[in-house]
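To start, the structure itself, in structure tokens.
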Amino acid sequence: MSLITAHDLSKTYLKGETKVEALKDLNFEIEPASFVSFVGPSGSGKTTLLNLIGCLDKPTSGILRVDDTDISSLNTRMAAAFRGKKIGFIFQDFNLVPVLTVYENVGYPLVMVQNTPSSERKQRILALLDAVGMAEQRDKYPDQISGGQKQRVAVARALVTNPKLVLADEPTANLDHKTAYMVIDIMKKMKNDLGTTFIFSTHDQKIVGEAEIIYTLEDGELAGREV
Amino acid sequence: MFDLFKISIRNLMRYKRRTLLTASLVTIGVVSVLVFISVSGSFKNMMIGQITDSFVGHIQIHKKGYVSSIDSLPLTLNLSPKAFEKVEKAINEVPGIEAYSKRIKFGGMFSNFVETTNVRLNGVNPEDEVKTVPLLLSRVKEGEKTIRTGEILVPELLAKGMKVKVGDTVVVIATNRDGSVNGKQFQVGGILESATGPGGRDGYIHIDDAAEILRMDTMEISEIAIRLVDFDELHRVFDRLNDKLSNELNKQGGPAFEVHTWEKLSPFYNIARMIDVMTFFVKLMLIAIVLISIMNVMVMAVYERIREIGTIAAIGTLPGKIVAMFLIEGFSLGFFGAVVGDILGIAVISVLNVGKLTFSFGRQKGLLLSPSINLQDVLVISIIVITISVIASLQPAYKASRMNPIDALRHV
């Protein structure tokens with residue numbers, strides 16, 4: 001069964017008084033444990049689509065099911081709970097909490113979202129920090145580590161709850177190529193080890209090549225699918 | 001909850017200067033209120049103590065109509081022995097009364113054989129009077145601290161004006177209720193310091209001498225002053241006494257007696273009320289300071305952390321936890337400000353006590369101010385500050401929790 005199913009998915013919003021059709025009748029399916037990239041120029045609708053898949057927004061029309069849940073049926077609280085349980089996020093600007101250490105940032109979803117017992121929490125955080133090569137930096141604060149290290153911490157934070165799906169919006173945009181490849185490698189390794197589905201948006205063609213399935217978006221429409 | 005506290009405290013420490021400034025504002029407010037409450041409260045309590053323990057007593061009982069004509073000290077409104085017996089019976093039946101003293105009050109002429117002036121006198125039984133108003137004898141500036149028959153305690157101003165001193169012989173002349181005049185020689189037993197309020201400049205003689213001057217066949221009493229075991233029971237005891245005595249009717253069918261607390265007898269009560277009103281407004285000012293400063297800092301905190309709020313909301317933090325996070329920040333600011341304010345406030349009050357502040361009130365000079373604050377006041381102020389801090393954080397916290405994660409994540 002598909003992890004994500006989109007059927008005639010559309011999203012329209014108002015920009016001032018102008019109606020903008022960000023997504024137009026998208027139809028696609030994404031299987032579990034896949035490594036998917038949505039590519040396209042700025043304004044093509046990549047971020048809007050990731051917001052919909054991540055239950056941060058609702059479609060204007062059409063159906064979007066994530067892990068067999070119609071995301072249109074979720075209210076704010078239910079959507080937050082769904083995200084906390086099923087989805088991990090990786091942001092372009094890393095978005096680590098500046099007052100928390102590397103260890104605490106990775107553990108944040110376990111403490112504040114899932115209320116995981118401390119012994120299990122510790123085990124999972126340390127395992128992930130080790131996997132992303134940040135175990136030695138665990139007591140540092142975000143302003144004490146490099147951009148690449150921050151994104152590795154963000155990857156660990158996204159994976160710590162064992163989500164079925166990780167969404168990464170331009171995860172390598174603020175990284176140099178070497179670091180970007182390293183982060184992509186970590187995500188691929190995690191996908192293989194944990195069976196997590198990774199969906200990321202990018203317009204960096206070198207990074208795109210790492211994806212197993214590539215969807216191309218143009219002006220809110222699905223223009224192509226490459227495997 | 002511990003983790004929420006940890007994150008909130010770290011967020012506060014992130015902007016150390018701003019947190020310190022806001023907490024300092026709360027602290028200054030708390031210190032000011034505590035010092036004001038302690039100083040005004042101790043002034044109020046001391047003055048009430050001076051008034052009730054020096055001459056008024058806690059409660060007074062008179063024949064109906066006496067208090068409204070008290071300036072003329074009417075002998076025609078004295079209590080007969082039978083009426084006094086009824087009052088005494090009621091006093092003995094009401095619990096919580098420590099002592100009472102019957103007084104004959106009258107106005108007369110005071111002569112040093114060279115000059116003559118008018119004087120207001122209280123005829124009292126010294127033992128009962130001292131039990132009822134224990135500070136009376138402490139007002140004796142010169143002479144022996146007692147009231148013997150044949151002796152008079154002369155008010156300070158009168159003694160100065162008439163140039164009499166302890167041991168001098170003087171004459172008191174008074175008109176009795178039938179209009180006949182009588183006089184009696186007294187030796188000045190002591191000079192009495194003036195006290196603030198009506199009756200504070202009266203002289204004292206023994207009750208037997210008063211009865212003799214006024215040629216009373218039977219002892220008629222002008223007023224009965226009462227001292228309570230516990231001053232806080234004032235209104236309860238007053239109500240019970242009033243209930244008992246209100247059943248006693250005079251020949252015209254009206255009430256025979258009137259009972260008053262010191263509040264109705266001394267104009268200082270209005271000053272005490274004014275102090276209470278001022279204290280209330282000072283507390284209101286504290287609330288305003290805390291409300292505005294905490295709300296301001298929390299609005300800033302939410303505005304500066306919009307992206308962070310978007311991030312934690314996106315990764316699944318429930319709105320309730322986001323609210324709690326900001327409420328805890330407000331709570332912590334208020335708590336820190338209140339605790340430091342309490343400590344500093346108590347320290348300032350202690351310093352004021354060590355400094356032995358004195359003040360004058362009316363003709364009373366060198367009154368020693370002993371500011372003190374009770375634990376209940378400290379707790380009430382602290383609870384007010386902390387509650388207002390949390391209330392001030394509610395709107396910013398709610399706003400943070402209702403933020404659309406997409407808009408918040410886009411915020412620059």
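Residue numbering restarts at 1 for every chain of the structure tokens, chains are lettered A, B, ... in their displayed order, and ligands are numbered from 1 as they appear.
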
> Looking only at the backbone, which of the residues in segment 166-371 of chain B does DSSP tag as alpha helix (DSSP H), as an MDAnalysis selection string?
Replying inline: chainID B and resid 207:213 234:246 262:265 268:304 306:314 319:354

Write the residues of the selection above to a file with C-alpha atoms, as a short mmCIF file (atom, residue, chain, number, x, y, z; two decimals), in the first residue's frame.
data_model
loop_
_atom_site.label_atom_id
_atom_site.label_comp_id
_atom_site.auth_asym_id
_atom_site.auth_seq_id
_atom_site.Cartn_x
_atom_site.Cartn_y
_atom_site.Cartn_z
CA ILE B 207 -13.27 58.69 90.76
CA ASP B 208 -14.11 59.28 94.43
CA ASP B 209 -12.83 62.87 94.16
CA ALA B 210 -14.93 63.37 91.01
CA ALA B 211 -18.04 62.13 92.81
CA GLU B 212 -17.22 64.42 95.74
CA ILE B 213 -16.79 67.56 93.60
CA LEU B 234 -13.24 44.11 68.02
CA HIS B 235 -16.27 43.86 65.77
CA ARG B 236 -17.39 40.47 67.04
CA VAL B 237 -17.32 41.67 70.67
CA PHE B 238 -18.93 44.98 69.68
CA ASP B 239 -21.77 43.14 67.92
CA ARG B 240 -22.44 40.93 70.93
CA LEU B 241 -22.36 43.84 73.38
CA ASN B 242 -24.56 45.89 71.12
CA ASP B 243 -27.02 43.01 70.76
CA LYS B 244 -27.26 42.62 74.51
CA LEU B 245 -27.61 46.32 75.30
CA SER B 246 -29.92 47.21 72.43
CA TRP B 262 -12.77 53.36 68.91
CA GLU B 263 -13.36 53.81 65.16
CA LYS B 264 -16.44 55.95 65.81
CA LEU B 265 -14.79 57.89 68.60
CA PHE B 268 -7.75 58.91 63.36
CA TYR B 269 -9.94 56.12 62.03
CA ASN B 270 -10.46 58.18 58.86
CA ILE B 271 -6.69 58.55 58.51
CA ALA B 272 -6.35 54.79 58.99
CA ARG B 273 -8.95 54.25 56.26
CA MET B 274 -7.05 56.65 54.02
CA ILE B 275 -3.86 54.63 54.62
CA ASP B 276 -5.74 51.48 53.61
CA VAL B 277 -6.96 53.18 50.42
CA MET B 278 -3.41 54.36 49.65
CA THR B 279 -2.10 50.84 50.22
CA PHE B 280 -4.72 49.52 47.82
CA PHE B 281 -3.65 52.00 45.14
CA VAL B 282 0.02 51.22 45.68
CA LYS B 283 -0.84 47.55 45.11
CA LEU B 284 -2.73 48.54 41.95
CA MET B 285 0.36 50.39 40.75
CA LEU B 286 2.44 47.28 41.37
CA ILE B 287 -0.04 45.23 39.36
CA ALA B 288 0.18 47.76 36.51
CA ILE B 289 4.00 47.71 36.58
CA VAL B 290 4.13 43.92 36.53
CA LEU B 291 1.39 43.59 33.90
CA ILE B 292 2.93 46.09 31.49
CA SER B 293 6.55 45.03 31.91
CA ILE B 294 5.91 41.28 31.68
CA MET B 295 3.46 41.62 28.81
CA ASN B 296 5.92 43.84 26.94
CA VAL B 297 8.78 41.38 27.37
CA MET B 298 6.62 38.38 26.44
CA VAL B 299 5.28 40.07 23.30
CA MET B 300 8.91 40.76 22.34
CA ALA B 301 9.86 37.15 23.12
CA VAL B 302 7.12 35.78 20.86
CA TYR B 303 7.97 38.21 18.06
CA GLU B 304 11.67 37.36 18.18
CA ILE B 306 8.43 33.31 15.43
CA ARG B 307 10.57 30.93 13.32
CA GLU B 308 11.39 28.86 16.38
CA ILE B 309 7.70 28.64 17.23
CA GLY B 310 7.05 27.58 13.63
CA THR B 311 9.73 24.89 13.91
CA ILE B 312 8.50 23.38 17.16
CA ALA B 313 4.90 23.54 15.93
CA ALA B 314 5.89 21.85 12.65
CA PRO B 319 -0.49 24.23 21.05
CA GLY B 320 -0.99 23.61 24.79
CA LYS B 321 2.73 22.99 25.29
CA ILE B 322 3.63 26.15 23.39
CA VAL B 323 1.25 28.10 25.65
CA ALA B 324 2.78 26.43 28.71
CA MET B 325 6.30 27.28 27.57
CA PHE B 326 5.54 31.01 27.41
CA LEU B 327 3.43 31.00 30.56
CA ILE B 328 6.32 29.41 32.43
CA GLU B 329 8.61 32.17 31.16
CA GLY B 330 6.21 34.79 32.52
CA PHE B 331 5.78 32.83 35.74
CA SER B 332 9.55 32.52 36.17
CA LEU B 333 10.08 36.24 35.61
CA GLY B 334 7.39 37.08 38.17
CA PHE B 335 8.60 34.44 40.62
CA PHE B 336 12.23 35.59 40.39
CA GLY B 337 11.22 39.27 40.73
CA ALA B 338 8.92 38.51 43.65
CA VAL B 339 11.40 36.35 45.57
CA VAL B 340 14.27 38.83 45.16
CA GLY B 341 11.84 41.64 45.98
CA ASP B 342 10.71 39.83 49.14
CA ILE B 343 14.29 39.32 50.28
CA LEU B 344 15.32 42.91 49.54
CA GLY B 345 12.08 44.26 50.98
CA ILE B 346 12.61 42.42 54.27
CA ALA B 347 16.23 43.61 54.29
CA VAL B 348 15.15 47.24 53.81
CA ILE B 349 12.55 46.89 56.57
CA SER B 350 15.24 45.46 58.88
CA VAL B 351 17.54 48.39 58.07
CA LEU B 352 14.71 50.83 58.84
CA ASN B 353 14.27 49.13 62.20
CA VAL B 354 17.98 49.29 62.97
#

> If you count only C-alpha atoms, which residues fall within 12 Å of Arg83 of chain A, apart from same-chain ones fewer than 3 positions away, as a PyMOL selection string?
Replying inline: (chain A and resi 51-57+66-67+69+71+74-80+86-89+109+113-114+158+161-167) or (chain B and resi 311-318+405)

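Atom pair atom CA of Glu226 of chain A / atom CA of Ser10 of chain A has a distance of 21.8 Å (rounded to one decimal).
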
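For the residues A:Asn115, A:Thr172, A:Ser44, A:Thr5, ranking by smallest atom-to-atom distance to chain B using only C-alpha atoms places A:Asn115 first.
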
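All residues of protein, DNA or RNA that reach within 10 Å of Ala131 of chain A, judged by only C-alpha atoms and not counting those fewer than 4 positions away in the chain, are A:Ile125, A:Leu126, A:Ala127, A:Ala135, A:Arg152, A:Ala156, A:Ile186, A:Lys189, A:Met190.
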
Could you write out that same residue set with N, CA and C atoms as a short mmCIF file (atom, residue, chain, number, x, y, z; two decimals), in the first residue's frame?
data_model
loop_
_atom_site.label_atom_id
_atom_site.label_comp_id
_atom_site.auth_asym_id
_atom_site.auth_seq_id
_atom_site.Cartn_x
_atom_site.Cartn_y
_atom_site.Cartn_z
N ILE A 125 18.70 8.73 21.14
CA ILE A 125 19.42 9.96 20.76
C ILE A 125 20.88 9.62 20.48
N LEU A 126 21.50 8.86 21.39
CA LEU A 126 22.93 8.55 21.24
C LEU A 126 23.18 7.72 19.97
N ALA A 127 22.25 6.79 19.68
CA ALA A 127 22.40 5.97 18.48
C ALA A 127 22.36 6.85 17.23
N ALA A 135 28.17 12.54 17.75
CA ALA A 135 28.18 12.12 19.16
C ALA A 135 29.15 12.95 19.99
N ARG A 152 23.20 17.89 10.05
CA ARG A 152 23.27 16.48 10.51
C ARG A 152 22.46 16.31 11.80
N ALA A 156 19.15 13.99 12.43
CA ALA A 156 18.97 13.11 13.60
C ALA A 156 17.67 13.45 14.33
N ILE A 186 23.90 10.52 4.45
CA ILE A 186 23.34 10.13 5.77
C ILE A 186 21.86 9.81 5.62
N LYS A 189 21.45 6.50 3.95
CA LYS A 189 21.80 5.41 4.88
C LYS A 189 20.66 5.15 5.86
N MET A 190 20.07 6.24 6.35
CA MET A 190 18.97 6.13 7.31
C MET A 190 17.75 5.47 6.65
#

Residues of segment 8-220 of chain A classed as strand (DSSP E) by DSSP on the backbone are to be reported as a JSON list (two decimals) with N, CA and C atoms, in the first residue's frame.
[["chain", "number", "residue", "atom", "x", "y", "z"],
["A", 8, "ASP", "N", -5.94, 14.34, -7.85],
["A", 8, "ASP", "CA", -6.44, 15.66, -8.28],
["A", 8, "ASP", "C", -6.17, 16.74, -7.23],
["A", 9, "LEU", "N", -4.98, 16.70, -6.69],
["A", 9, "LEU", "CA", -4.63, 17.60, -5.57],
["A", 9, "LEU", "C", -4.36, 19.02, -6.10],
["A", 10, "SER", "N", -5.11, 19.96, -5.53],
["A", 10, "SER", "CA", -4.92, 21.37, -5.93],
["A", 10, "SER", "C", -4.82, 22.25, -4.70],
["A", 11, "LYS", "N", -4.07, 23.30, -4.87],
["A", 11, "LYS", "CA", -3.97, 24.28, -3.77],
["A", 11, "LYS", "C", -3.98, 25.67, -4.38],
["A", 12, "THR", "N", -4.93, 26.45, -3.93],
["A", 12, "THR", "CA", -5.03, 27.83, -4.40],
["A", 12, "THR", "C", -4.99, 28.74, -3.19],
["A", 13, "TYR", "N", -4.27, 29.82, -3.31],
["A", 13, "TYR", "CA", -4.30, 30.79, -2.22],
["A", 13, "TYR", "C", -4.31, 32.20, -2.77],
["A", 14, "LEU", "N", -4.66, 33.11, -1.90],
["A", 14, "LEU", "CA", -4.76, 34.50, -2.33],
["A", 14, "LEU", "C", -3.48, 35.24, -1.96],
["A", 15, "LYS", "N", -2.94, 35.95, -2.95],
["A", 15, "LYS", "CA", -1.78, 36.80, -2.66],
["A", 15, "LYS", "C", -2.27, 38.22, -2.89],
["A", 18, "THR", "N", -4.94, 38.72, -5.60],
["A", 18, "THR", "CA", -4.73, 37.82, -6.74],
["A", 18, "THR", "C", -4.81, 36.36, -6.29],
["A", 19, "LYS", "N", -5.53, 35.58, -7.08],
["A", 19, "LYS", "CA", -5.67, 34.15, -6.80],
["A", 19, "LYS", "C", -4.48, 33.42, -7.44],
["A", 20, "VAL", "N", -3.74, 32.70, -6.62],
["A", 20, "VAL", "CA", -2.57, 31.98, -7.14],
["A", 20, "VAL", "C", -2.85, 30.48, -7.07],
["A", 21, "GLU", "N", -2.74, 29.83, -8.21],
["A", 21, "GLU", "CA", -2.92, 28.37, -8.23],
["A", 21, "GLU", "C", -1.55, 27.73, -8.03],
["A", 22, "ALA", "N", -1.23, 27.38, -6.80],
["A", 22, "ALA", "CA", 0.10, 26.87, -6.48],
["A", 22, "ALA", "C", 0.27, 25.43, -6.95],
["A", 23, "LEU", "N", -0.81, 24.62, -6.86],
["A", 23, "LEU", "CA", -0.76, 23.23, -7.32],
["A", 23, "LEU", "C", -2.03, 22.93, -8.11],
["A", 24, "LYS", "N", -1.84, 22.22, -9.25],
["A", 24, "LYS", "CA", -3.02, 21.99, -10.10],
["A", 24, "LYS", "C", -3.18, 20.49, -10.38],
["A", 25, "ASP", "N", -4.20, 19.92, -9.82],
["A", 25, "ASP", "CA", -4.62, 18.54, -10.13],
["A", 25, "ASP", "C", -3.46, 17.54, -10.16],
["A", 26, "LEU", "N", -2.71, 17.46, -9.07],
["A", 26, "LEU", "CA", -1.59, 16.53, -9.02],
["A", 26, "LEU", "C", -2.09, 15.13, -8.69],
["A", 27, "ASN", "N", -1.52, 14.17, -9.36],
["A", 27, "ASN", "CA", -1.83, 12.77, -9.08],
["A", 27, "ASN", "C", -0.51, 12.00, -8.97],
["A", 28, "PHE", "N", -0.24, 11.41, -7.84],
["A", 28, "PHE", "CA", 0.97, 10.60, -7.69],
["A", 28, "PHE", "C", 0.83, 9.69, -6.47],
["A", 29, "GLU", "N", 1.70, 8.71, -6.43],
["A", 29, "GLU", "CA", 1.75, 7.81, -5.27],
["A", 29, "GLU", "C", 3.20, 7.63, -4.87],
["A", 30, "ILE", "N", 3.45, 7.57, -3.60],
["A", 30, "ILE", "CA", 4.82, 7.35, -3.11],
["A", 30, "ILE", "C", 4.80, 6.14, -2.19],
["A", 35, "PHE", "N", 13.08, 7.12, -1.74],
["A", 35, "PHE", "CA", 13.90, 8.31, -1.62],
["A", 35, "PHE", "C", 13.52, 9.22, -2.79],
["A", 36, "VAL", "N", 12.67, 10.17, -2.50],
["A", 36, "VAL", "CA", 12.00, 10.90, -3.57],
["A", 36, "VAL", "C", 12.40, 12.37, -3.55],
["A", 37, "SER", "N", 12.56, 12.90, -4.76],
["A", 37, "SER", "CA", 12.88, 14.33, -4.83],
["A", 37, "SER", "C", 11.86, 15.04, -5.72],
["A", 38, "PHE", "N", 11.40, 16.17, -5.25],
["A", 38, "PHE", "CA", 10.58, 17.04, -6.10],
["A", 38, "PHE", "C", 11.49, 18.18, -6.56],
["A", 39, "VAL", "N", 11.60, 18.33, -7.85],
["A", 39, "VAL", "CA", 12.48, 19.39, -8.36],
["A", 39, "VAL", "C", 11.65, 20.36, -9.18],
["A", 61, "SER", "N", -8.61, 21.49, -3.08],
["A", 61, "SER", "CA", -9.49, 20.42, -3.59],
["A", 61, "SER", "C", -8.64, 19.17, -3.83],
["A", 62, "GLY", "N", -9.32, 18.07, -4.09],
["A", 62, "GLY", "CA", -8.61, 16.81, -4.30],
["A", 62, "GLY", "C", -8.36, 16.10, -2.98],
["A", 63, "ILE", "N", -7.71, 14.94, -3.10],
["A", 63, "ILE", "CA", -7.48, 14.12, -1.92],
["A", 63, "ILE", "C", -5.98, 13.90, -1.74],
["A", 64, "LEU", "N", -5.56, 14.01, -0.49],
["A", 64, "LEU", "CA", -4.17, 13.68, -0.15],
["A", 64, "LEU", "C", -4.20, 12.78, 1.07],
["A", 65, "ARG", "N", -3.75, 11.55, 0.88],
["A", 65, "ARG", "CA", -3.71, 10.61, 2.01],
["A", 65, "ARG", "C", -2.27, 10.34, 2.37],
["A", 66, "VAL", "N", -1.97, 10.47, 3.63],
["A", 66, "VAL", "CA", -0.62, 10.18, 4.13],
["A", 66, "VAL", "C", -0.78, 9.09, 5.17],
["A", 69, "THR", "N", -4.24, 8.33, 6.03],
["A", 69, "THR", "CA", -5.04, 9.36, 6.70],
["A", 69, "THR", "C", -5.31, 10.51, 5.73],
["A", 70, "ASP", "N", -6.58, 10.87, 5.61],
["A", 70, "ASP", "CA", -6.93, 12.02, 4.76],
["A", 70, "ASP", "C", -6.56, 13.28, 5.54],
["A", 87, "ILE", "N", 5.77, 12.11, 11.08],
["A", 87, "ILE", "CA", 6.57, 12.87, 10.11],
["A", 87, "ILE", "C", 7.76, 13.55, 10.79],
["A", 88, "GLY", "N", 8.90, 13.48, 10.10],
["A", 88, "GLY", "CA", 10.08, 14.24, 10.54],
["A", 88, "GLY", "C", 10.32, 15.37, 9.55],
["A", 89, "PHE", "N", 10.87, 16.48, 10.05],
["A", 89, "PHE", "CA", 11.11, 17.63, 9.17],
["A", 89, "PHE", "C", 12.59, 18.02, 9.18],
["A", 90, "ILE", "N", 13.09, 18.33, 7.97],
["A", 90, "ILE", "CA", 14.43, 18.90, 7.88],
["A", 90, "ILE", "C", 14.28, 20.21, 7.10],
["A", 165, "LEU", "N", 7.93, 8.99, 7.57],
["A", 165, "LEU", "CA", 8.20, 9.92, 6.48],
["A", 165, "LEU", "C", 9.05, 11.09, 6.98],
["A", 166, "VAL", "N", 10.08, 11.43, 6.19],
["A", 166, "VAL", "CA", 10.85, 12.63, 6.52],
["A", 166, "VAL", "C", 10.75, 13.59, 5.34],
["A", 167, "LEU", "N", 10.36, 14.82, 5.63],
["A", 167, "LEU", "CA", 10.25, 15.83, 4.59],
["A", 167, "LEU", "C", 11.40, 16.82, 4.74],
["A", 168, "ALA", "N", 12.08, 17.06, 3.65],
["A", 168, "ALA", "CA", 13.23, 17.97, 3.71],
["A", 168, "ALA", "C", 13.08, 19.02, 2.61],
["A", 169, "ASP", "N", 12.87, 20.25, 3.05],
["A", 169, "ASP", "CA", 12.68, 21.35, 2.09],
["A", 169, "ASP", "C", 14.03, 22.00, 1.83],
["A", 197, "THR", "N", 10.80, 6.80, 4.59],
["A", 197, "THR", "CA", 10.64, 7.47, 3.29],
["A", 197, "THR", "C", 11.15, 8.90, 3.40],
["A", 198, "PHE", "N", 12.01, 9.27, 2.46],
["A", 198, "PHE", "CA", 12.52, 10.65, 2.44],
["A", 198, "PHE", "C", 11.96, 11.36, 1.22],
["A", 199, "ILE", "N", 11.38, 12.50, 1.44],
["A", 199, "ILE", "CA", 10.93, 13.32, 0.32],
["A", 199, "ILE", "C", 11.60, 14.67, 0.48],
["A", 200, "PHE", "N", 12.32, 15.07, -0.53],
["A", 200, "PHE", "CA", 12.92, 16.40, -0.40],
["A", 200, "PHE", "C", 12.71, 17.23, -1.65],
["A", 201, "SER", "N", 12.67, 18.50, -1.45],
["A", 201, "SER", "CA", 12.54, 19.41, -2.58],
["A", 201, "SER", "C", 13.90, 20.06, -2.80],
["A", 202, "THR", "N", 14.27, 20.24, -4.04],
["A", 202, "THR", "CA", 15.55, 20.89, -4.33],
["A", 202, "THR", "C", 15.55, 21.39, -5.76],
["A", 213, "ILE", "N", 13.49, 8.43, -7.10],
["A", 213, "ILE", "CA", 12.38, 8.88, -7.95],
["A", 213, "ILE", "C", 12.42, 10.41, -7.96],
["A", 214, "ILE", "N", 12.31, 10.98, -9.12],
["A", 214, "ILE", "CA", 12.35, 12.43, -9.24],
["A", 214, "ILE", "C", 11.06, 12.91, -9.92],
["A", 215, "TYR", "N", 10.33, 13.74, -9.18],
["A", 215, "TYR", "CA", 9.15, 14.37, -9.77],
["A", 215, "TYR", "C", 9.52, 15.79, -10.14],
["A", 216, "THR", "N", 9.12, 16.20, -11.32],
["A", 216, "THR", "CA", 9.40, 17.57, -11.72],
["A", 216, "THR", "C", 8.10, 18.38, -11.68],
["A", 217, "LEU", "N", 8.17, 19.51, -11.01],
["A", 217, "LEU", "CA", 7.01, 20.40, -10.94],
["A", 217, "LEU", "C", 7.29, 21.65, -11.76],
["A", 218, "GLU", "N", 6.30, 22.06, -12.51],
["A", 218, "GLU", "CA", 6.40, 23.32, -13.25],
["A", 218, "GLU", "C", 5.08, 24.04, -13.15]]
